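Below is one structure, written out as structure tokens, with a few remarks after it.
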Amino acid sequence: MLVGTNEVFQQQLAETILKEKQDLKINIHLTTSLPLPAERDHIRPRIDLIVFMVNLQSKYSFKDIEASLLHVDANFFLGKVCFLVIGAGRMNQISVDMNTILKLADRYCSPVLFCELECEKVRIATAQRLLRMLQICAGHVSGVSALSFNSLMKSSIDDSSFMA
């Protein structure tokens with residue numbers, strides 16, 4: 001599931017993900033916010049990964065994501081959520097501090113990916129990374145669980161604090 005306020009980027013990323021060669025049957029749900037409407041619960045497919053798309057150039061985007069996080073079951077944060085940060089390449093237009101995003105991701109124990117979806121090569125690489133994450137979250141990679149995957153995504157900066 002892709003959650004974010006920039007519907008153009010959501011659609012482009014979803015199309016790119018679906019074009020990638022894969023062995024999984026993938027359904028991508030696009031939404032601007034959570035919760036999802038309850039009346040469709042009985043036909044909604046299982047959700048294996050939630051990608052919160054945060055646009056650094058929009059305070060509204062960040063506030064909407066913050067509000068949406070309150071509607072996600074706490075157990076889902078055990079390896080099935082990530083933050084996809086867009087708009088970091090245009091530093092002069094940033095409305096949301098990157099440290100705010102990093103603190104949010106840390107609070108929810110979820111990895112952060114930075115990308116510029118305007119660039120097709122970056123969009124393809126991001127789609128491939130998200131597909132790999134999805135395979136792990138859905139249990140299709142033997143020996144790796146979503147819980148262990150989360151620890152693999154930790155920044156090397158976090159690791160350096162243990163060295164002394």
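Letters A, B, ... go to the chains of the structure tokens in the order shown; residues in each chain start at 1; ligands are counted from 1 in the same order.
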Fill in: Spatial neighbours of segment 9-11 of chain A, 12 Å, only C-alpha atoms, chain gap at least 4 places, as a VMD selection string
chain A and resid 1 to 5 15 to 18 28 to 32 51 to 55 84 to 87 115 to 120 123 127
Fill in: Those in segment 17-162 of chain A with helix (DSSP H, G or I) from DSSP, as a PyMOL selection string
chain A and resi 17-19+38-43+59-69+74-77+91-93+98-107+120-137+146-152+156-160
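Shortest atom-to-atom contact with Gln93 of chain A among A:Gln57, A:Ser110, A:Asn75, A:Gln12: A:Gln57, counting only C-alpha atoms.
Across the structure, atom CA of Ala88 of chain A and atom CA of Ile101 of chain A are spaced 11.4 Å apart.
Taking only C-alpha atoms into account, Ala138 of chain A lies nearest to A:Gly79 out of the set A:Gly79, A:Pro37, A:Pro111, A:Gly89.
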Worksheet item: Taking the backbone alone, and naming residues the way the document does, which bits of segment 60-130 of chain A are strand (DSSP E) by DSSP, as a VMD selection string?
Response: chain A and resid 81 to 86 112 to 115
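Restricting the calculation to only C-alpha atoms, the smallest distance between Ile47 of chain A and any of A:Val122, A:Leu69, A:Leu134, A:Val141 is found for A:Leu134.
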Fill in: Atomic distance atom CA of Ile136 of chain A - atom CA of Leu13 of chain A, expressed in Å with one decimal
19.1 Å
